[in-house]
Structures are given as C-alpha cells and as structure tokens.
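Okay, target_26.txt now, which holds compact mmCIF, C-alpha atoms and all ligand atoms:
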```txt
# COMPACT_ATOMS: atom_id res chain seq x y z
CA MET L 1 16.98 10.78 155.74
CA VAL L 2 13.24 10.42 155.97
CA ARG L 3 11.20 12.65 153.78
CA THR L 4 7.88 13.78 155.05
CA GLN L 5 5.25 14.74 152.59
CA ASN L 6 2.69 17.31 153.35
CA ILE L 7 -0.48 15.51 152.34
CA PRO L 8 -3.66 17.19 153.50
CA PRO L 9 -6.04 14.91 155.38
CA ASN L 10 -9.19 13.92 153.54
CA SER L 11 -11.40 16.34 155.38
CA GLU L 12 -9.26 19.26 154.44
CA HIS L 13 -9.12 18.04 150.89
CA GLU L 14 -12.91 17.95 150.70
CA GLU L 15 -13.12 21.61 151.63
CA PHE L 16 -11.76 22.36 148.19
CA GLY L 17 -13.95 19.83 146.45
CA PRO L 18 -17.47 20.16 145.15
CA GLY L 19 -18.89 19.97 148.69
CA LYS L 20 -17.82 23.50 149.43
CA LYS L 21 -20.14 25.09 146.93
CA GLY L 22 -23.27 23.14 147.70
CA TYR L 23 -25.63 23.61 150.56
CA ILE L 24 -28.81 22.06 151.90
CA LEU L 25 -31.97 23.82 153.03
CA CYS L 26 -34.38 22.19 155.45
CA PRO L 27 -37.92 22.40 154.01
CA GLU L 28 -39.50 22.36 157.50
CA GLY L 29 -37.46 25.13 159.09
CA LYS L 30 -34.78 27.60 158.16
CA GLU L 31 -31.80 25.38 158.86
CA VAL L 32 -28.96 25.40 156.37
CA TYR L 33 -26.27 22.78 155.98
CA PHE L 34 -23.08 24.38 154.79
CA LYS L 35 -19.41 23.46 155.22
CA LYS L 36 -20.17 20.29 157.11
CA SER L 37 -22.50 21.60 159.75
CA TRP L 38 -26.05 22.81 160.25
CA HIS L 39 -26.70 26.49 160.87
CA PRO L 40 -29.93 28.13 162.12
CA ASN L 41 -30.65 30.10 158.93
CA LEU L 42 -29.19 31.79 155.87
CA GLU L 43 -28.94 35.08 157.76
CA SER L 44 -26.38 33.48 160.06
CA LEU L 45 -24.20 32.74 157.04
CA PRO L 46 -23.33 36.12 155.51
CA GLU L 47 -21.00 34.49 153.03
CA LEU L 48 -23.73 32.25 151.71
CA ASN L 49 -26.52 34.77 152.08
CA ALA L 50 -24.68 37.30 149.93
CA ALA L 51 -23.96 34.76 147.24
CA HIS L 52 -27.54 33.55 147.19
CA ASN L 53 -29.37 34.65 144.15
CA TRP L 54 -32.63 36.02 145.52
CA GLY L 55 -34.36 36.26 142.15
CA GLU L 56 -32.23 39.18 141.14
CA PRO L 57 -29.49 38.22 138.74
CA ARG L 58 -26.10 39.28 139.98
CA SER L 59 -23.22 39.71 137.64
CA GLY L 60 -19.50 39.27 137.63
CA ALA L 61 -17.55 38.07 140.64
CA GLU L 62 -20.49 38.70 142.93
CA ARG L 63 -22.41 35.91 141.36
CA GLU L 64 -21.36 32.52 142.53
CA GLU L 65 -23.01 29.33 141.43
CA LYS L 66 -23.99 27.10 144.31
CA SER L 67 -25.98 23.95 144.15
CA VAL L 68 -28.84 23.69 146.58
CA LYS L 69 -30.63 20.63 147.85
CA PHE L 70 -33.70 20.32 150.05
CA GLU L 71 -33.44 17.83 152.85
CA LEU L 72 -34.79 17.66 156.40
CA CYS L 73 -32.28 18.71 159.04
CA PRO L 74 -31.65 16.05 161.71
CA ALA L 75 -33.97 17.80 164.21
CA HIS L 76 -36.93 17.88 161.83
CA GLN L 77 -36.12 14.35 160.69
CA MET L 78 -36.42 13.21 164.34
CA LEU L 79 -39.77 14.99 164.67
CA LYS L 80 -41.01 13.33 161.51
CA ASP L 81 -39.86 9.90 162.69
CA LYS L 82 -41.26 10.56 166.19
CA GLN L 83 -37.83 9.97 167.66
CA TYR L 84 -35.95 11.72 170.43
CA GLU L 85 -32.73 11.28 172.36
CA GLY L 86 -33.66 12.85 175.64
CA GLU L 87 -36.78 12.68 177.76
CA VAL L 88 -37.75 14.65 180.86
CA ILE L 89 -40.71 13.55 182.92
CA VAL L 90 -41.97 15.85 185.64
CA GLU L 91 -44.44 14.36 188.08
CA ASN L 92 -46.54 15.56 190.98
CA LEU L 93 -46.93 18.98 189.43
CA ASN L 94 -49.02 21.54 191.25
CA GLU L 95 -51.20 23.45 188.73
CA ALA L 96 -49.99 26.75 190.22
CA ASN L 97 -46.44 25.97 189.05
CA ARG L 98 -47.26 24.77 185.56
CA GLU L 99 -46.64 28.02 183.72
CA GLU L 100 -43.45 28.83 185.58
CA LEU L 101 -42.08 25.36 185.01
CA THR L 102 -43.03 25.34 181.33
CA ASN L 103 -41.20 28.65 180.87
CA LEU L 104 -38.15 27.34 182.69
CA ILE L 105 -38.10 24.32 180.35
CA LYS L 106 -38.58 26.48 177.24
CA ASN L 107 -35.78 28.85 178.28
CA ARG L 108 -33.33 25.97 178.67
CA GLY L 109 -34.35 24.71 175.24
CA GLU L 110 -33.87 28.09 173.59
CA GLU L 111 -30.50 28.51 175.27
CA ALA L 112 -29.33 25.14 173.92
CA GLU L 113 -30.67 25.90 170.46
CA ARG L 114 -28.78 29.18 170.33
CA ARG L 115 -25.56 27.28 170.97
CA ASP L 116 -26.28 24.50 168.53
CA THR L 117 -29.26 24.70 166.24
CA LEU L 118 -29.77 20.92 166.39
CA HIS L 119 -29.95 20.79 170.18
CA ARG L 120 -33.54 21.60 170.94
CA ILE L 121 -36.81 20.68 172.54
CA LEU L 122 -38.88 18.67 170.10
CA LYS L 123 -42.05 18.44 172.13
CA ILE L 124 -43.56 19.62 175.42
CA GLU L 125 -46.54 17.55 176.51
CA GLN L 126 -48.77 18.94 179.23
CA GLN L 127 -50.12 16.06 181.28
CA PRO L 128 -52.72 15.98 184.08
CA LYS L 129 -50.21 16.04 186.94
CA GLY L 130 -47.02 16.71 185.08
CA ILE L 131 -45.07 17.67 181.98
CA ARG L 132 -43.22 15.46 179.54
CA VAL L 133 -40.46 16.83 177.32
CA GLU L 134 -38.70 15.30 174.35
CA THR L 135 -35.32 16.66 173.28
CA SER L 136 -33.17 16.04 170.22
CA GLU L 137 -30.14 15.41 172.38
CA ASN L 138 -29.76 13.68 175.74
CA GLN L 139 -27.45 16.20 177.44
CA LEU L 140 -30.22 18.76 177.05
CA ALA L 141 -32.63 16.52 178.95
CA GLN L 142 -30.11 16.39 181.81
CA LYS L 143 -29.64 20.16 181.75
CA ILE L 144 -33.40 20.70 181.92
CA GLY L 145 -33.67 18.16 184.74
CA LYS L 146 -30.90 19.80 186.74
CA ALA L 147 -32.40 23.25 186.22
CA ILE L 148 -35.72 22.02 187.57
CA GLY L 149 -33.87 20.32 190.43
CA SER L 150 -32.12 23.51 191.44
CA HIS L 151 -35.34 25.50 191.21
CA TYR L 152 -37.35 23.05 193.33
CA LYS L 153 -34.76 22.14 195.92
CA LYS L 154 -36.64 19.20 197.36
CA ALA L 155 -37.48 17.58 194.06
CA ASP L 156 -36.49 13.96 193.63
CA LEU L 157 -34.29 13.80 190.54
CA LYS L 158 -33.39 10.56 188.79
CA ILE L 159 -31.08 10.73 185.81
CA GLN L 160 -30.77 7.72 183.54
CA PRO L 161 -28.20 8.44 180.86
CA GLY L 162 -28.66 6.54 177.60
CA SER L 163 -27.22 3.06 177.83
CA GLY L 164 -26.40 0.32 175.36
CA THR L 165 -29.95 -0.91 175.05
CA SER L 166 -31.44 2.53 174.65
CA ASP L 167 -29.82 5.73 173.45
CA VAL L 168 -32.52 7.82 175.06
CA GLY L 169 -31.34 9.64 178.16
CA ARG L 170 -34.17 10.00 180.69
CA VAL L 171 -34.65 12.29 183.63
CA ARG L 172 -37.54 11.76 186.01
CA ILE L 173 -38.37 14.49 188.48
CA ILE L 174 -40.89 14.06 191.25
CA LEU L 175 -41.76 17.47 192.63
CA PRO L 176 -42.08 17.88 196.40
ZN ZN L 201 -35.12 21.57 160.01
```
Would it be possible to restate this file's structure as structure tokens?
Ligand SMILES: [Zn+2]
Amino acid sequence: MVRTQNIPPNSEHEEFGPGKKGYILCPEGKEVYFKKSWHPNLESLPELNAAHNWGEPRSGAEREEKSVKFELCPAHQMLKDKQYEGEVIVENLNEANREELTNLIKNRGEEAERRDTLHRILKIEQQPKGIRVETSENQLAQKIGKAIGSHYKKADLKIQPGSGTSDVGRVRIILP
C-alpha cells in the first residue's frame, strides 16, 4: 500500500512564514505589496489598514507587529528606468479630435488600473500630428489600440505583439 503524505507546497508554506507579516510600501505612489501581490493602497486592504499603527499605540490583540519596507512598485520602477512594455502610436490626428482621443485613451488606462494596479498608462505624449502612449503592460496597448480602432472605423490598425527580440508590444494607428 502506498502512503501519501500531505505536504503543503512551498507557496502555501510561505504563507505561514515571516513573509505574511511584512509588507512593502511604494514611496512614489500608494501601492502596497502584501501577500504576494501589489494592491492600489492601504485602504484596499482592510486587514492591513486596521493593523497599521497610525501613530496611535494600540494594545492587546488589536496590535499586530508588521515589518514594513519601502520599495518602488514595478510600475514606478518602470517609470524611473524609462521602460515600458506596450506602446501605442496614433498618427494623422486631426486637432479637433485630440481631446476626445486623449480621454478615450485615459479611460482605457483607468479601467485597466482598476482591475490590476500594475496595469497602467505610464506616459501620454502629445505630438504635432499624433499621440504616443506608453503602458506598463503590452495587452493594455492592444486594448487601447482596438478601442481607438472601433471608435474610428476607418483607422488603419497595426498590432505588433512583443516578440523574442523585443518584449514591447506596439500598436500603430493611422487615423483616416
Ligand atoms: Zn508605485
């Protein structure tokens, strides 16, 4: 008869280790790394927010020691290093559409960021006849490109997903 042992996988094991109590705050934004992922802010982590000692000493069971570290979150690290994973280039832009298009781009960025705090627009560059966008993640560049494509039906949309030589996914849109 074969005996099977119930050994928890490493990841599960770590949950009970010292990692559970510590968290990281991004000095550039409000992002918090806790339990193996980044969250938008402390307010989104009631468990951590309540345990945080905001200058007022708590006593008894309410007080929980947690170690805190300050480290840039991956999105702010990319900004600092001037890196990006997705790029959207809009060309042949008519001035009359600039504001509308910029808002459309921003909305897509905010939507993505609400789903995952690290998926965001890093930079929007207004150019003479166009707009250039850098994103922290290449799927977001495609989403923005497709949204522009469905808004301007006759736009010429070219999607170049990141390949082996370059991880940056690019979308080029030439407006009609
Ligand atoms: Zn950050």
Legend entry - Pairwise distance for CA of Gly130 (chain L) and CA of Leu175 (chain L), rounded to one decimal in Å: 9.2 Å
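Neighbouring residues of region 24-38 of chain L at 9 Å or closer, counting all atoms listed in the file and skipping chain neighbours under 4 positions away, are Glu15, Gly19, Lys20, Leu42, Leu45, Leu48, Ser67, Val68, Lys69, Phe70, Glu71, Leu72, Cys73, Pro74, His76, Asp116, Thr117 and Leu118 of chain L.
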Legend entry - Using all atoms listed in the file: which of L:Ser136, L:Thr102, L:Gln142, L:Gln160 has the shortest distance to ligand ZN 201 (chain L):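 Result for the nearest residue to ligand ZN 201 (chain L): L:Ser136.
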Enclose the full set of atoms of region 92-96 of chain L listed in the file within a box whose edges lie along x, y and z, apply 4 Å of padding to each of the six sides, and report centre and edge lengths in Å to one decimal as AutoDock Vina command-line options.
```
--center_x -48.9 --center_y 21.2 --center_z 190.0 --size_x 12.7 --size_y 19.2 --size_z 10.5
```
Inset, instruction - Can you work out which one of L:Arg98, L:Lys146, L:His39, L:Lys154 has the shortest atom-to-atom distance to Val171 (chain L), counting all atoms listed in the file? - result: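 Using all atoms listed in the file, the shortest distance to Val171 (chain L) belongs to L:Lys146.
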